[in-house]
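Enquirer: I am sharing protein-v1.pdb, which consists of PDB, C-alpha atoms:
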```
ATOM      1  CA  MET A  76     -51.151   9.215 -26.691
ATOM      2  CA  LYS A  77     -54.340  11.160 -27.237
ATOM      3  CA  ASP A  78     -52.300  14.314 -27.832
ATOM      4  CA  TRP A  79     -50.196  12.778 -30.604
ATOM      5  CA  PRO A  80     -50.359  15.059 -33.638
ATOM      6  CA  LEU A  81     -52.157  14.044 -36.804
ATOM      7  CA  TYR A  82     -50.109  13.295 -39.908
ATOM      8  CA  GLU A  83     -51.180  13.010 -43.543
ATOM      9  CA  VAL A  84     -49.681  10.084 -45.442
ATOM     10  CA  PHE A  85     -48.619  10.014 -49.088
ATOM     11  CA  ILE A  86     -47.550   6.788 -50.786
ATOM     12  CA  ARG A  87     -45.770   6.278 -54.099
ATOM     13  CA  SER A  88     -47.102   2.992 -55.400
ATOM     14  CA  LYS A  89     -44.196   2.367 -57.771
ATOM     15  CA  ALA A  90     -41.143   4.115 -59.145
ATOM     16  CA  GLY A  91     -42.042   6.824 -61.652
ATOM     17  CA  LEU A  92     -45.497   7.539 -60.280
ATOM     18  CA  HIS A  93     -46.228  10.446 -57.990
ATOM     19  CA  HIS A  94     -47.059  10.209 -54.288
ATOM     20  CA  ARG A  95     -50.782   9.997 -53.580
ATOM     21  CA  HIS A  96     -52.596  10.944 -50.445
ATOM     22  CA  VAL A  97     -53.848   7.733 -48.828
ATOM     23  CA  GLY A  98     -55.037   8.805 -45.379
ATOM     24  CA  SER A  99     -53.924  10.052 -42.027
ATOM     25  CA  LEU A 100     -52.674   8.720 -38.698
ATOM     26  CA  HIS A 101     -51.444   9.755 -35.266
ATOM     27  CA  ALA A 102     -47.803   9.573 -34.188
ATOM     28  CA  ALA A 103     -45.592  11.088 -31.506
ATOM     29  CA  ASP A 104     -43.000  12.369 -33.984
ATOM     30  CA  ASP A 105     -41.825  12.168 -37.598
ATOM     31  CA  THR A 106     -39.938   8.882 -37.183
ATOM     32  CA  MET A 107     -42.920   7.178 -35.632
ATOM     33  CA  ALA A 108     -45.161   8.615 -38.324
ATOM     34  CA  ILE A 109     -43.118   6.882 -41.027
ATOM     35  CA  GLU A 110     -43.247   3.595 -39.103
ATOM     36  CA  HIS A 111     -46.966   3.885 -38.541
ATOM     37  CA  ALA A 112     -47.485   4.705 -42.217
ATOM     38  CA  ARG A 113     -45.515   1.600 -43.150
ATOM     39  CA  ASP A 114     -47.599  -0.537 -40.820
ATOM     40  CA  VAL A 115     -50.991   0.935 -41.572
ATOM     41  CA  TYR A 116     -50.798   1.751 -45.280
ATOM     42  CA  CYS A 117     -48.125  -0.538 -46.775
ATOM     43  CA  ARG A 118     -49.206  -3.943 -45.497
ATOM     44  CA  ARG A 119     -50.317  -5.204 -48.892
ATOM     45  CA  ASN A 120     -47.480  -4.095 -51.109
ATOM     46  CA  GLU A 121     -48.990  -0.685 -51.719
ATOM     47  CA  GLY A 122     -45.840   1.339 -51.931
ATOM     48  CA  VAL A 123     -42.164   1.944 -52.517
ATOM     49  CA  SER A 124     -41.909   5.374 -50.898
ATOM     50  CA  ILE A 125     -43.643   7.173 -48.036
ATOM     51  CA  TRP A 126     -44.084  10.866 -47.304
ATOM     52  CA  VAL A 127     -45.661  12.093 -44.102
ATOM     53  CA  VAL A 128     -46.455  15.656 -43.170
ATOM     54  CA  LYS A 129     -48.106  17.090 -40.080
ATOM     55  CA  SER A 130     -51.706  17.919 -40.943
ATOM     56  CA  ASP A 131     -51.232  21.291 -39.240
ATOM     57  CA  ASP A 132     -48.533  22.162 -41.772
ATOM     58  CA  ILE A 133     -50.865  21.768 -44.732
ATOM     59  CA  VAL A 134     -52.302  25.054 -45.917
ATOM     60  CA  ALA A 135     -55.755  24.682 -47.421
ATOM     61  CA  ASN A 136     -58.068  27.107 -49.119
ATOM     62  CA  ASP A 137     -61.160  28.374 -47.359
ATOM     63  CA  PRO A 138     -64.165  26.348 -48.624
ATOM     64  CA  ALA A 139     -66.282  29.501 -48.369
ATOM     65  CA  GLU A 140     -64.210  31.019 -51.137
ATOM     66  CA  SER A 141     -64.768  28.115 -53.520
ATOM     67  CA  ASP A 142     -66.931  30.139 -55.852
ATOM     68  CA  ALA A 143     -64.315  32.815 -56.284
ATOM     69  CA  LEU A 144     -61.484  30.323 -56.700
ATOM     70  CA  PHE A 145     -62.972  27.670 -58.938
ATOM     71  CA  ASN A 146     -66.130  28.925 -60.556
ATOM     72  CA  PRO A 147     -64.463  31.316 -63.024
ATOM     73  CA  ALA A 148     -62.638  28.380 -64.685
ATOM     74  CA  GLU A 149     -65.859  26.598 -65.517
ATOM     75  CA  ASN A 150     -66.749  28.511 -68.673
ATOM     76  CA  LYS A 151     -63.256  28.846 -70.148
ATOM     77  CA  VAL A 152     -63.228  25.806 -72.366
ATOM     78  CA  TYR A 153     -60.514  27.374 -74.562
ATOM     79  CA  ARG A 154     -58.015  26.703 -71.805
ATOM     80  CA  HIS A 155     -58.174  23.010 -72.607
ATOM     81  CA  PRO A 156     -55.840  22.057 -75.457
ATOM     82  CA  THR A 157     -58.617  20.348 -77.397
ATOM     83  CA  PHE A 158     -58.438  22.426 -80.599
ATOM     84  CA  TYR A 159     -55.363  20.808 -82.081
ATOM     85  CA  ASP A 160     -55.311  18.126 -84.778
ATOM     86  CA  LEU A 161     -53.222  15.272 -83.472
ATOM     87  CA  PRO A 162     -51.313  13.042 -85.893
ATOM     88  CA  ASP A 163     -52.642   9.461 -85.754
ATOM     89  CA  ASN A 164     -49.358   7.977 -84.576
ATOM     90  CA  VAL A 165     -49.194  10.123 -81.441
ATOM     91  CA  LYS A 166     -50.328   7.942 -78.577
ATOM     92  CA  HIS A 167     -51.265   8.597 -74.946
ATOM     93  CA  MET A 168     -52.450  12.154 -75.335
TER      94      MET A 168
ATOM     95  CA  MET B 255     -34.085 -38.590 -40.503
ATOM     96  CA  ASN B 256     -31.385 -36.339 -39.067
ATOM     97  CA  LYS B 257     -32.826 -35.900 -35.576
ATOM     98  CA  ASP B 258     -30.585 -33.005 -34.541
ATOM     99  CA  LEU B 259     -31.272 -30.972 -37.652
ATOM    100  CA  HIS B 260     -34.985 -31.718 -37.339
ATOM    101  CA  ASN B 261     -34.997 -30.640 -33.689
ATOM    102  CA  TYR B 262     -33.164 -27.471 -34.596
ATOM    103  CA  ILE B 263     -35.743 -26.547 -37.225
ATOM    104  CA  ILE B 264     -38.518 -27.278 -34.715
ATOM    105  CA  GLN B 265     -36.779 -25.020 -32.165
ATOM    106  CA  LEU B 266     -36.806 -22.175 -34.677
ATOM    107  CA  GLY B 267     -40.409 -22.852 -35.655
ATOM    108  CA  ASP B 268     -41.603 -23.062 -32.046
ATOM    109  CA  ASN B 269     -39.890 -19.779 -31.145
ATOM    110  CA  SER B 270     -41.685 -18.067 -34.007
ATOM    111  CA  LEU B 271     -45.070 -19.647 -33.355
ATOM    112  CA  ILE B 272     -45.179 -19.018 -29.610
ATOM    113  CA  LEU B 273     -43.949 -15.435 -29.779
ATOM    114  CA  GLY B 274     -46.256 -14.807 -32.745
ATOM    115  CA  HIS B 275     -49.182 -16.162 -30.756
ATOM    116  CA  ARG B 276     -48.330 -14.053 -27.717
ATOM    117  CA  ILE B 277     -48.051 -10.870 -29.779
ATOM    118  CA  SER B 278     -51.277 -11.724 -31.607
ATOM    119  CA  GLU B 279     -53.065 -11.495 -28.254
ATOM    120  CA  TRP B 280     -52.707  -7.726 -28.668
ATOM    121  CA  CYS B 281     -54.918  -7.775 -31.750
ATOM    122  CA  GLY B 282     -57.824  -5.453 -30.984
ATOM    123  CA  HIS B 283     -56.224  -4.332 -27.706
ATOM    124  CA  GLY B 284     -53.269  -2.209 -28.871
ATOM    125  CA  PRO B 285     -52.701   1.091 -27.057
ATOM    126  CA  VAL B 286     -53.598   3.018 -30.226
ATOM    127  CA  LEU B 287     -54.916   1.865 -33.586
ATOM    128  CA  GLU B 288     -51.550   2.329 -35.300
ATOM    129  CA  GLN B 289     -49.744   0.201 -32.702
ATOM    130  CA  ASP B 290     -52.478  -2.398 -32.784
ATOM    131  CA  ILE B 291     -51.843  -2.878 -36.511
ATOM    132  CA  ALA B 292     -48.064  -2.771 -36.071
ATOM    133  CA  LEU B 293     -48.165  -5.513 -33.433
ATOM    134  CA  THR B 294     -50.525  -7.622 -35.501
ATOM    135  CA  ASN B 295     -48.234  -7.289 -38.545
ATOM    136  CA  ILE B 296     -45.306  -8.460 -36.460
ATOM    137  CA  ALA B 297     -47.301 -11.364 -35.030
ATOM    138  CA  LEU B 298     -48.151 -12.440 -38.565
ATOM    139  CA  ASP B 299     -44.483 -12.253 -39.579
ATOM    140  CA  HIS B 300     -43.658 -14.685 -36.786
ATOM    141  CA  VAL B 301     -46.480 -17.084 -37.604
ATOM    142  CA  GLY B 302     -45.460 -16.981 -41.273
ATOM    143  CA  GLN B 303     -41.894 -17.861 -40.317
ATOM    144  CA  ALA B 304     -43.134 -20.706 -38.124
ATOM    145  CA  ARG B 305     -44.993 -22.141 -41.126
ATOM    146  CA  MET B 306     -41.841 -22.087 -43.259
ATOM    147  CA  TYR B 307     -39.894 -23.971 -40.592
ATOM    148  CA  TYR B 308     -42.660 -26.499 -39.967
ATOM    149  CA  GLN B 309     -43.095 -27.116 -43.692
ATOM    150  CA  LEU B 310     -39.368 -27.764 -43.948
ATOM    151  CA  ALA B 311     -39.462 -30.084 -40.908
ATOM    152  CA  ALA B 312     -42.386 -31.966 -42.453
ATOM    153  CA  THR B 313     -40.352 -32.763 -45.566
ATOM    154  CA  MET B 314     -37.917 -34.642 -43.313
ATOM    155  CA  GLU B 315     -40.529 -36.706 -41.492
ATOM    156  CA  PRO B 316     -42.758 -38.861 -43.710
ATOM    157  CA  GLY B 317     -46.491 -38.481 -43.113
ATOM    158  CA  LYS B 318     -46.245 -35.176 -41.225
ATOM    159  CA  THR B 319     -47.625 -31.784 -42.192
ATOM    160  CA  GLU B 320     -46.964 -28.338 -40.755
ATOM    161  CA  ASP B 321     -50.253 -28.569 -38.849
ATOM    162  CA  ASP B 322     -49.118 -31.666 -36.951
ATOM    163  CA  TYR B 323     -46.322 -29.652 -35.357
ATOM    164  CA  ALA B 324     -48.484 -26.687 -34.445
ATOM    165  CA  TYR B 325     -51.703 -28.392 -33.399
ATOM    166  CA  LEU B 326     -50.902 -31.910 -32.252
ATOM    167  CA  ARG B 327     -47.871 -31.650 -30.009
ATOM    168  CA  THR B 328     -48.013 -31.406 -26.226
ATOM    169  CA  VAL B 329     -46.278 -28.900 -23.960
ATOM    170  CA  THR B 330     -43.226 -31.102 -23.377
ATOM    171  CA  GLU B 331     -42.716 -31.558 -27.126
ATOM    172  CA  TYR B 332     -42.444 -27.805 -27.697
ATOM    173  CA  LYS B 333     -38.873 -26.487 -27.802
ATOM    174  CA  ASN B 334     -39.381 -22.713 -27.707
ATOM    175  CA  LEU B 335     -37.335 -20.454 -25.456
ATOM    176  CA  LEU B 336     -38.974 -19.850 -22.074
ATOM    177  CA  LEU B 337     -38.862 -16.088 -22.587
ATOM    178  CA  LEU B 338     -41.256 -16.252 -25.514
ATOM    179  CA  GLU B 339     -44.104 -17.913 -23.614
ATOM    180  CA  GLN B 340     -44.071 -15.226 -20.899
ATOM    181  CA  GLU B 341     -47.256 -13.201 -20.675
ATOM    182  CA  ASN B 342     -47.770  -9.820 -22.361
ATOM    183  CA  LYS B 343     -48.711  -8.161 -19.033
ATOM    184  CA  ASP B 344     -48.428  -4.591 -20.340
ATOM    185  CA  PHE B 345     -46.942  -2.842 -23.365
ATOM    186  CA  GLY B 346     -43.579  -2.466 -21.567
ATOM    187  CA  TYR B 347     -43.250  -6.200 -20.904
ATOM    188  CA  THR B 348     -44.279  -6.969 -24.469
ATOM    189  CA  ILE B 349     -41.612  -4.613 -25.805
ATOM    190  CA  ALA B 350     -38.916  -5.896 -23.420
ATOM    191  CA  ARG B 351     -39.578  -9.520 -24.406
ATOM    192  CA  SER B 352     -39.445  -8.700 -28.121
ATOM    193  CA  PHE B 353     -36.418  -6.445 -27.714
ATOM    194  CA  TYR B 354     -34.263  -9.141 -26.109
ATOM    195  CA  TYR B 355     -35.376 -11.780 -28.569
ATOM    196  CA  ASP B 356     -35.382  -9.683 -31.767
ATOM    197  CA  GLN B 357     -31.729  -8.768 -31.300
ATOM    198  CA  PHE B 358     -30.822 -12.432 -30.750
ATOM    199  CA  HIS B 359     -33.051 -13.551 -33.622
ATOM    200  CA  LEU B 360     -31.354 -11.169 -36.050
ATOM    201  CA  LEU B 361     -27.897 -12.460 -35.086
ATOM    202  CA  ILE B 362     -28.968 -16.085 -35.581
ATOM    203  CA  LEU B 363     -30.571 -15.335 -38.941
ATOM    204  CA  ARG B 364     -27.478 -13.510 -40.128
ATOM    205  CA  VAL B 365     -25.448 -16.678 -39.552
ATOM    206  CA  LEU B 366     -28.137 -18.990 -40.969
ATOM    207  CA  LYS B 367     -28.477 -16.822 -44.070
ATOM    208  CA  SER B 368     -25.010 -17.828 -45.202
ATOM    209  CA  CYS B 369     -24.778 -21.286 -43.618
ATOM    210  CA  GLY B 370     -24.245 -24.377 -45.725
ATOM    211  CA  ASN B 371     -27.811 -25.659 -45.371
ATOM    212  CA  LYS B 372     -29.634 -24.321 -48.438
ATOM    213  CA  ASP B 373     -33.179 -24.814 -47.112
ATOM    214  CA  LEU B 374     -32.460 -22.983 -43.863
ATOM    215  CA  SER B 375     -30.507 -20.200 -45.534
ATOM    216  CA  GLU B 376     -33.432 -19.492 -47.890
ATOM    217  CA  ILE B 377     -35.882 -19.176 -45.003
ATOM    218  CA  ALA B 378     -33.392 -17.090 -43.028
ATOM    219  CA  ALA B 379     -32.885 -14.672 -45.930
ATOM    220  CA  GLN B 380     -36.620 -13.987 -46.072
ATOM    221  CA  ALA B 381     -37.020 -13.792 -42.291
ATOM    222  CA  TYR B 382     -34.002 -11.510 -41.948
ATOM    223  CA  LYS B 383     -35.806  -8.638 -43.675
ATOM    224  CA  GLU B 384     -38.815  -8.977 -41.411
ATOM    225  CA  VAL B 385     -36.752  -9.292 -38.256
ATOM    226  CA  SER B 386     -34.679  -6.223 -39.171
ATOM    227  CA  TYR B 387     -37.911  -4.289 -38.869
ATOM    228  CA  HIS B 388     -38.840  -6.077 -35.628
ATOM    229  CA  CYS B 389     -35.506  -4.940 -34.167
ATOM    230  CA  ARG B 390     -36.132  -1.391 -35.230
ATOM    231  CA  PHE B 391     -39.641  -1.454 -33.760
ATOM    232  CA  SER B 392     -38.745  -2.942 -30.373
ATOM    233  CA  SER B 393     -35.512  -1.009 -29.840
ATOM    234  CA  ASP B 394     -37.185   2.288 -30.791
ATOM    235  CA  TRP B 395     -39.846   1.590 -28.196
ATOM    236  CA  VAL B 396     -37.293   0.683 -25.509
ATOM    237  CA  LYS B 397     -35.752   4.109 -26.102
ATOM    238  CA  ARG B 398     -39.090   5.904 -26.196
ATOM    239  CA  LEU B 399     -40.299   4.301 -22.969
ATOM    240  CA  GLY B 400     -36.942   4.592 -21.211
ATOM    241  CA  ASP B 401     -36.490   8.193 -22.200
ATOM    242  CA  GLY B 402     -40.199   9.034 -21.882
ATOM    243  CA  THR B 403     -42.068   9.768 -18.686
ATOM    244  CA  GLU B 404     -41.134   8.750 -15.179
ATOM    245  CA  GLU B 405     -43.768   6.038 -15.277
ATOM    246  CA  SER B 406     -42.790   4.620 -18.679
ATOM    247  CA  HIS B 407     -39.143   4.575 -17.551
ATOM    248  CA  ARG B 408     -39.999   2.705 -14.373
ATOM    249  CA  ARG B 409     -42.181   0.162 -16.148
ATOM    250  CA  ILE B 410     -39.825  -0.692 -19.035
ATOM    251  CA  GLN B 411     -36.964  -1.037 -16.513
ATOM    252  CA  ARG B 412     -39.073  -3.405 -14.436
ATOM    253  CA  ALA B 413     -39.889  -5.471 -17.528
ATOM    254  CA  LEU B 414     -36.246  -5.609 -18.647
ATOM    255  CA  ASP B 415     -35.202  -6.676 -15.148
ATOM    256  CA  GLU B 416     -37.855  -9.362 -14.875
ATOM    257  CA  PHE B 417     -37.232 -10.928 -18.284
ATOM    258  CA  PHE B 418     -33.453 -10.717 -18.249
ATOM    259  CA  PRO B 419     -32.879 -14.103 -16.517
ATOM    260  CA  TYR B 420     -34.575 -15.807 -19.475
ATOM    261  CA  THR B 421     -32.050 -14.432 -21.969
ATOM    262  CA  ALA B 422     -29.390 -16.842 -20.696
ATOM    263  CA  GLU B 423     -31.252 -19.592 -22.525
ATOM    264  CA  PHE B 424     -30.488 -17.960 -25.889
ATOM    265  CA  PHE B 425     -26.873 -18.982 -25.493
ATOM    266  CA  ALA B 426     -27.223 -22.259 -23.543
ATOM    267  CA  PRO B 427     -26.818 -24.831 -26.302
ATOM    268  CA  SER B 428     -29.135 -27.809 -26.739
ATOM    269  CA  GLU B 429     -27.941 -30.943 -28.525
ATOM    270  CA  ALA B 430     -29.444 -29.546 -31.695
ATOM    271  CA  ASP B 431     -27.558 -26.263 -31.204
ATOM    272  CA  ASN B 432     -24.309 -28.172 -30.745
ATOM    273  CA  TYR B 433     -24.944 -30.095 -33.940
ATOM    274  CA  MET B 434     -25.546 -26.822 -35.849
ATOM    275  CA  ALA B 435     -22.369 -25.312 -34.395
ATOM    276  CA  GLY B 436     -20.275 -28.257 -35.465
ATOM    277  CA  LYS B 437     -21.829 -28.852 -38.859
ATOM    278  CA  TYR B 438     -22.799 -25.329 -40.006
ATOM    279  CA  GLY B 439     -20.860 -22.964 -37.762
ATOM    280  CA  VAL B 440     -23.931 -21.584 -35.979
ATOM    281  CA  ASP B 441     -21.952 -20.987 -32.819
ATOM    282  CA  LEU B 442     -24.026 -19.523 -29.970
ATOM    283  CA  SER B 443     -21.006 -18.728 -27.820
ATOM    284  CA  LYS B 444     -19.782 -16.280 -30.476
ATOM    285  CA  LEU B 445     -23.155 -14.533 -30.613
ATOM    286  CA  SER B 446     -23.407 -14.017 -26.859
ATOM    287  CA  SER B 447     -20.928 -11.149 -26.617
ATOM    288  CA  GLN B 448     -22.277  -9.505 -29.794
ATOM    289  CA  TRP B 449     -25.773  -9.595 -28.349
ATOM    290  CA  SER B 450     -24.628  -8.100 -25.034
ATOM    291  CA  VAL B 451     -22.908  -5.177 -26.747
ATOM    292  CA  ILE B 452     -25.903  -4.353 -28.959
ATOM    293  CA  VAL B 453     -28.450  -4.670 -26.175
ATOM    294  CA  GLU B 454     -26.374  -2.727 -23.643
ATOM    295  CA  ASN B 455     -25.865   0.155 -26.059
ATOM    296  CA  ILE B 456     -29.585   0.514 -26.684
ATOM    297  CA  VAL B 457     -30.423   0.157 -22.987
ATOM    298  CA  ARG B 458     -27.895   2.858 -22.151
ATOM    299  CA  GLU B 459     -29.202   5.142 -24.880
ATOM    300  CA  ALA B 460     -32.674   4.666 -23.406
ATOM    301  CA  THR B 461     -31.310   6.001 -20.074
ATOM    302  CA  LEU B 462     -32.022   2.582 -18.544
ATOM    303  CA  THR B 463     -29.829   0.221 -16.516
ATOM    304  CA  MET B 464     -28.659  -3.128 -17.864
ATOM    305  CA  PRO B 465     -29.937  -5.859 -15.549
ATOM    306  CA  THR B 466     -27.637  -8.497 -14.125
ATOM    307  CA  THR B 467     -28.675 -11.771 -12.639
ATOM    308  CA  PRO B 468     -26.890 -14.820 -11.367
ATOM    309  CA  TYR B 469     -30.011 -17.006 -11.791
ATOM    310  CA  PRO B 470     -30.555 -18.053 -15.407
ATOM    311  CA  GLN B 471     -33.887 -19.619 -16.395
ATOM    312  CA  LEU B 472     -33.318 -22.617 -18.672
ATOM    313  CA  GLY B 473     -35.216 -25.613 -20.023
ATOM    314  CA  GLY B 474     -37.491 -24.538 -22.885
ATOM    315  CA  LYS B 475     -35.336 -26.118 -25.576
ATOM    316  CA  GLN B 476     -35.558 -29.396 -23.646
ATOM    317  CA  GLY B 477     -39.341 -29.167 -23.301
ATOM    318  CA  ARG B 478     -39.412 -28.069 -19.640
ATOM    319  CA  HIS B 479     -41.892 -25.217 -19.799
ATOM    320  CA  SER B 480     -43.813 -23.013 -17.423
ATOM    321  CA  GLU B 481     -47.548 -23.612 -17.031
ATOM    322  CA  LYS B 482     -48.063 -20.590 -19.263
ATOM    323  CA  LEU B 483     -47.319 -22.602 -22.394
ATOM    324  CA  GLY B 484     -50.154 -24.965 -21.501
ATOM    325  CA  PHE B 485     -52.623 -22.086 -21.616
ATOM    326  CA  ILE B 486     -51.257 -20.942 -24.977
ATOM    327  CA  LEU B 487     -51.577 -24.411 -26.511
ATOM    328  CA  THR B 488     -55.059 -24.879 -25.078
ATOM    329  CA  GLU B 489     -56.220 -21.858 -27.021
ATOM    330  CA  LEU B 490     -54.044 -22.408 -30.096
ATOM    331  CA  GLN B 491     -54.992 -26.071 -30.491
ATOM    332  CA  TYR B 492     -58.622 -25.848 -29.424
ATOM    333  CA  MET B 493     -60.222 -26.302 -32.849
ATOM    334  CA  GLN B 494     -58.029 -29.200 -33.928
ATOM    335  CA  ARG B 495     -58.382 -30.979 -30.582
ATOM    336  CA  THR B 496     -62.153 -30.502 -30.468
ATOM    337  CA  TYR B 497     -62.842 -31.299 -34.121
ATOM    338  CA  PRO B 498     -59.970 -33.581 -35.177
ATOM    339  CA  ASN B 499     -58.929 -33.364 -38.831
ATOM    340  CA  SER B 500     -61.208 -30.391 -39.472
ATOM    341  CA  THR B 501     -60.011 -28.165 -42.324
ATOM    342  CA  TRP B 502     -60.846 -24.719 -43.643
TER     343      TRP B 502
END
```
Now that the file is in, can you turn its structure into structure tokens?
Expert:
Amino acid sequence: MKDWPLYEVFIRSKAGLHHRHVGSLHAADDTMAIEHARDVYCRRNEGVSIWVVKSDDIVANDPAESDALFNPAENKVYRHPTFYDLPDNVKHM
Amino acid sequence: MNKDLHNYIIQLGDNSLILGHRISEWCGHGPVLEQDIALTNIALDHVGQARMYYQLAATMEPGKTEDDYAYLRTVTEYKNLLLLEQENKDFGYTIARSFYYDQFHLLILRVLKSCGNKDLSEIAAQAYKEVSYHCRFSSDWVKRLGDGTEESHRRIQRALDEFFPYTAEFFAPSEADNYMAGKYGVDLSKLSSQWSVIVENIVREATLTMPTTPYPQLGGKQGRHSEKLGFILTELQYMQRTYPNSTW
């Protein structure tokens, strides 16, 4: 059981919302991963839908490249749509 | 008080409580963290079901509460199936015990869900959802162990063989069972062949062999238990026996 692969778990808390990453777990295969996710992460009514994906299948950026990837966005305030006048009766913007 | 109906509800409650207690013994000892939590969830389902049955039984018997049934009855007053008091031993035995019972439990609940007794059918409808998952859990593991390694195959087969004689009690009617068959159509003899087909299919799929035995183990429903139940009750009832009437 020590060589069971690691899975990442995503839970949709209710219909209409997106799946959120909630944690990870070990399982022998995809079916067991769903069952483990149900048992470990949905015990207190947390969700209505589960996604699991093998951690190995997630492609992540190299943290060493963070400066190149994220730093250039820091001083480009004009990319935020904050320069518009919103009518008063528009809510939730 | 309708004694037969009351006894029947106690039978259901005792099955849930004793199996729930046995499975709860895995808490903190599961083979991996995920299974530890899964087993504990299932144990809690059973204990929750036991409470519903005991609460219902208490409404029929003036002056009683659910706790009286759980904490203040002796071994011979318990009516659970003998299979359910058997020890966990290893993961294979635990799975085999649950597998046999879960499949029977689901069949019983399916009938109770639509029986003419409103109180029982409400409890059964709730329990049915939980037990559907129990069936999935235990039958998946029978297949995984049977179709797994040489050792897991050998050990789940041994557990199935050893516990099989206790399954005869599922279908050996007590007086309370006979009352339920006559009054509400909960007929055990009809469920027996359904159970055999379901169980045999899963056992075959798991590349295992269906046990046969001419020596059924009976008596739990009548209060004739193995010494193992005494050990369970000693632990389960310790607080209430040592500090009578103590509350949370």
Enquirer: Taking the file as shown, what set of residues would the ChimeraX specification (/A :<9) & /B give back, as a list in words?
Expert: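 Evaluating the ChimeraX specification (/A :<9) & /B on these coordinates yields Pro285, Val286, Leu287, Glu288, Gln289, Ile291, Ala292, Leu293, Asn295, Phe391 and Asp394 of chain B.
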Enquirer: Taking the file above as input, evaluate the PyMOL selection byres ((chain B and resi 468) around 12) and report the hits as a list of chain:residue names.
Expert: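 Expected selection for the PyMOL selection byres ((chain B and resi 468) around 12) here is B:Phe418, B:Pro419, B:Tyr420, B:Thr421, B:Ala422, B:Pro465, B:Thr466, B:Thr467, B:Tyr469, B:Pro470, B:Gln471.
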Enquirer: For the structure provided, state which residues fall under the PyMOL selection byres ((chain B and resi 430) around 12), and present them as number ranges by chain.
Expert: B: 256-266, 333, 426-429, 431-438, 440-442, 475-476
Enquirer: For stretch 347-356 of chain B, please output as JSON, numbers by chain all residues within 10 Å (counting only C-alpha atoms; exclusion window: fewer than 4 positions along the same chain).
Expert: {"B": [269, 273, 276, 277, 280, 293, 335, 337, 338, 339, 340, 341, 342, 343, 360, 361, 362, 385, 386, 387, 388, 389, 390, 391, 392, 393, 394, 395, 396, 399, 409, 410, 411, 412, 413, 414, 415, 416, 417, 418, 420, 421, 424, 449, 450, 453, 456]}
Enquirer: Taking all atoms listed in the file into account, which of B:Arg495, B:His275, B:Arg478, B:His407 comes nearest B:Thr330?
Expert: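 When distances to B:Thr330 are compared using all atoms listed in the file, the smallest one comes from B:Arg478.
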Enquirer: At a cut-off of 12 Å, using all atoms listed in the file, what residues contact B:Gln380? Leave out same-chain residues fewer than 3 positions from it and give the result as a PDB file with C-alpha atoms, in the coordinates of the input.
Expert:
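Produced file out-v3.pdb, reproduced below:
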```pdb
ATOM      1  CA  ASP B 299     -44.483 -12.253 -39.579  1.00  0.00           C
ATOM      2  CA  HIS B 300     -43.658 -14.685 -36.786  1.00  0.00           C
ATOM      3  CA  GLY B 302     -45.460 -16.981 -41.273  1.00  0.00           C
ATOM      4  CA  GLN B 303     -41.894 -17.861 -40.317  1.00  0.00           C
ATOM      5  CA  MET B 306     -41.841 -22.087 -43.259  1.00  0.00           C
ATOM      6  CA  TYR B 307     -39.894 -23.971 -40.592  1.00  0.00           C
ATOM      7  CA  LEU B 360     -31.354 -11.169 -36.050  1.00  0.00           C
ATOM      8  CA  LEU B 363     -30.571 -15.335 -38.941  1.00  0.00           C
ATOM      9  CA  ARG B 364     -27.478 -13.510 -40.128  1.00  0.00           C
ATOM     10  CA  LEU B 366     -28.137 -18.990 -40.969  1.00  0.00           C
ATOM     11  CA  LYS B 367     -28.477 -16.822 -44.070  1.00  0.00           C
ATOM     12  CA  ASP B 373     -33.179 -24.814 -47.112  1.00  0.00           C
ATOM     13  CA  LEU B 374     -32.460 -22.983 -43.863  1.00  0.00           C
ATOM     14  CA  SER B 375     -30.507 -20.200 -45.534  1.00  0.00           C
ATOM     15  CA  GLU B 376     -33.432 -19.492 -47.890  1.00  0.00           C
ATOM     16  CA  ILE B 377     -35.882 -19.176 -45.003  1.00  0.00           C
ATOM     17  CA  LYS B 383     -35.806  -8.638 -43.675  1.00  0.00           C
ATOM     18  CA  GLU B 384     -38.815  -8.977 -41.411  1.00  0.00           C
ATOM     19  CA  VAL B 385     -36.752  -9.292 -38.256  1.00  0.00           C
ATOM     20  CA  SER B 386     -34.679  -6.223 -39.171  1.00  0.00           C
TER      21      SER B 386
END
```
Enquirer: Have a look at atom CA of B:Glu423 and atom CA of B:Ile452 and let me know their distance in Å, one decimal.
Expert: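 Between atom CA of B:Glu423 and atom CA of B:Ile452 the gap is 17.4 Å.
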Enquirer: Could you check how far atom CA of B:Arg458 sits from atom CA of B:Gly402, in Å to one decimal?
Expert: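 Interatomic distance, atom CA of B:Arg458 to atom CA of B:Gly402: 13.8 Å.
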Enquirer: So how far away is atom CA of B:Tyr325 from atom CA of B:Met493, in Å?
Expert: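 Going from atom CA of B:Met493 over to atom CA of B:Tyr325 covers 8.8 Å.
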Enquirer: From the set B:Gly484, B:Ala304, B:His283, B:Ala297, which residue has the shortest atom-to-atom contact distance to B:Leu271, counting only C-alpha atoms?
Expert: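 Comparing B:Gly484, B:Ala304, B:His283, B:Ala297 against B:Leu271, the winner is B:Ala304.
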Enquirer: Pick from B:Gly400, B:Gly370, B:Gly473, B:Gly317: nearest to B:Val457, with all atoms listed in the file counted?
Expert: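 Under the stated criterion, the closest residue is B:Gly400.
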Enquirer: Give me the box for stretch 117-122 of chain A as JSON, namely the centre and edge lengths in Å to one decimal of a box along x, y and z that holds every listed atom plus 4 Å on each side.
Expert:
```
{"center_x": -48.1, "center_y": -1.9, "center_z": -48.7, "size_x": 12.5, "size_y": 14.5, "size_z": 14.4}
```
